[in-house]
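Everything below concerns the one structure shown next.
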Amino acid sequence: MQLELDHIFVCVDPEAPEAKLLKDFGLTDGGGRIHRGQGTANVCFLFHNAYLELLWLFDESEIQSSVVRRTSLWERCRWKETQACPFGIAFRKNPNLLDLPFSTWNYQAPYRPPEASIQIATNSQNVSEPLIFISPAKRKPADSNLGDRQVLVHKFGLNEITAVRVSLAGNQDFSREINDVNGLGMVTFLQEDFYHLEIEFDNAKYGKFHSFQDVLPISIKW
């Protein structure tokens, strides 16, 4: 496959108090980091093929800098006030893939080496849609050099993300970039009255469902 799902982010409140909800449910905290120069920080929950990232605003001046501005991360991190879409979707790229299926621009992320730019879909300033980008990661979490492989172990035996459905608020037409991603078959976008992210694990073989909607705009099926 030329592109694979790498991770999904959801913007949350500072220090991610929402993470406790996920941990109480049975997800294992995979650690996090501060994105110096970008003005964000995160905590991640790793699965075999991809991960869920909770992302929050860490530094107002950094996130509003000219370098970061085009990502609209400031609006996304403050989505409860701005009504921006709080999601991001990242793909891993096969090194042999020369042409991406959607148009991009190169983001020189301040926390990464100067030569290591991130390709971001050109709809990034359309804050009613997720931030779509190519992850710098080359391998899925299960194939990475993890210090503790227990971070891949979760209650209910959740292993792989097999489908993602993203509900977007409003009735405007999707951008070309969203339609291009929709056509890949890995992520499905729907028009609703609210933002919501549904993550399916292991082809929902157990027929179970849980919503975190009261605190987080996500639900899971497994």
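In the structure tokens, the first chain shown is A, the next is B, and so on; residue numbers restart at 1 for each chain, and ligands run from 1 in the order shown.
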
Closest atom pairs, residues of segment 150-187 of chain A within 6 Å of segment 46-59 of chain A, only C-alpha atoms, as JSON lines:
```
{"residue": "A:Leu152", "atom": "CA", "partner": "A:Phe47", "partner_atom": "CA", "distance": 5.3}
{"residue": "A:Asn159", "atom": "CA", "partner": "A:His48", "partner_atom": "CA", "distance": 5.5}
{"residue": "A:Glu160", "atom": "CA", "partner": "A:His48", "partner_atom": "CA", "distance": 5.3}
```

Atoms kept (N, CA and C atoms) for selection, written as a CSV table (one decimal), in the first residue's frame:
```csv
chain,number,residue,atom,x,y,z
A,152,LEU,N,1.6,-1.1,23.9
A,152,LEU,CA,0.7,-1.6,22.8
A,152,LEU,C,-0.4,-2.5,23.4
A,159,ASN,N,-6.1,-4.0,19.1
A,159,ASN,CA,-4.8,-4.1,18.4
A,159,ASN,C,-4.6,-3.1,17.2
A,160,GLU,N,-5.5,-3.2,16.2
A,160,GLU,CA,-5.3,-2.4,15.0
A,160,GLU,C,-6.5,-1.5,14.7
```

- Contacts of segment 107-121 of chain A within 8 Å, only C-alpha atoms, excl. fewer than 6 positions in-chain, as a PyMOL selection string: chain A and resi 35-38+67-68+131-136+177

- Task: Taking the chain letters and numbering used in this document, name the residues of segment 20-162 of chain A that DSSP puts in helix (DSSP H, G or I), as a count of residues only.
- Result: 32

- Hey, what's within 12 Å of Glu18 of chain A if we count only C-alpha atoms and toss same-chain stuff fewer than 6 positions away? As number ranges by chain, please? A: 10-12, 24-25, 29, 42-44, 53-56, 212-218

- Non-local contacts of segment 205-211 of chain A (8 Å; only C-alpha atoms; under 6 positions in same chain excluded) as JSON, numbers by chain: {"A": [218, 219, 220, 221, 222]}

- Query: Using only C-alpha atoms, which of the listed residues (A:Leu197, A:Leu22, A:Ala169, A:Leu3) sits closest to Phe87 of chain A?
  - Reply: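 The shortest atom-to-atom distance to Phe87 of chain A comes from A:Leu197.
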
- Task: Between atom CA of Ser167 of chain A and atom CA of Lys20 of chain A, measure the distance and give it in Å to one decimal.
- Result: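 Between these atoms lies a distance of 24.0 Å.
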
- What residues in chain A get the DSSP label strand (DSSP E or B)? Please answer as a count of residues only. 74

- Choose the residue, out of A:Ile8, A:Gln125, A:Asp173, A:Asp148, that has the smallest atom-to-atom separation from Ala90 of chain A; count only C-alpha atoms. A:Ile8

Spatial neighbours of segment 92-98 of chain A, 9 Å, only C-alpha atoms, chain gap at least 4 places, as a compact mmCIF listing (two decimals) with C-alpha atoms, in the first residue's frame:
```
# COMPACT_ATOMS: atom_id res chain seq x y z
CA MET A 1 0.00 0.00 0.00
CA GLN A 2 1.34 3.42 -0.96
CA LEU A 3 -0.21 5.24 2.01
CA GLU A 4 -1.08 3.86 5.44
CA LEU A 5 -2.84 5.49 8.37
CA ASP A 6 -0.18 6.64 10.82
CA HIS A 7 -2.12 8.51 13.49
CA ILE A 134 2.16 13.00 5.78
CA SER A 135 3.82 11.75 8.94
CA PRO A 136 7.63 11.66 9.13
CA ALA A 137 7.29 8.12 10.57
CA LYS A 138 8.51 5.26 8.42
CA ARG A 139 7.20 2.35 10.47
CA LYS A 140 4.04 1.46 12.33
```

- Item | Shortest interatomic distance to Pro141 of chain A - which of A:Gly185, A:Pro86, A:Pro17, A:Gly30, counting only C-alpha atoms |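 Closest residue, counting only C-alpha atoms: A:Gly30.
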
- Note on the structure: Of A:Asp13, A:Asp180, A:Glu198, A:Glu60, the one sitting nearest Thr104 of chain A when using only C-alpha atoms is A:Asp180

- Task: Could you jot down the atom CA of Val127 of chain A to atom CA of Arg69 of chain A separation for me, Å, one decimal place?
- Result: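 Separation of atom CA of Val127 of chain A and atom CA of Arg69 of chain A: 12.0 Å.
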
- Item | Atom-to-atom span, atom CA of Thr28 of chain A and atom CA of Glu75 of chain A, Å |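 Atom CA of Glu75 of chain A lies at a distance of 28.5 Å from atom CA of Thr28 of chain A.
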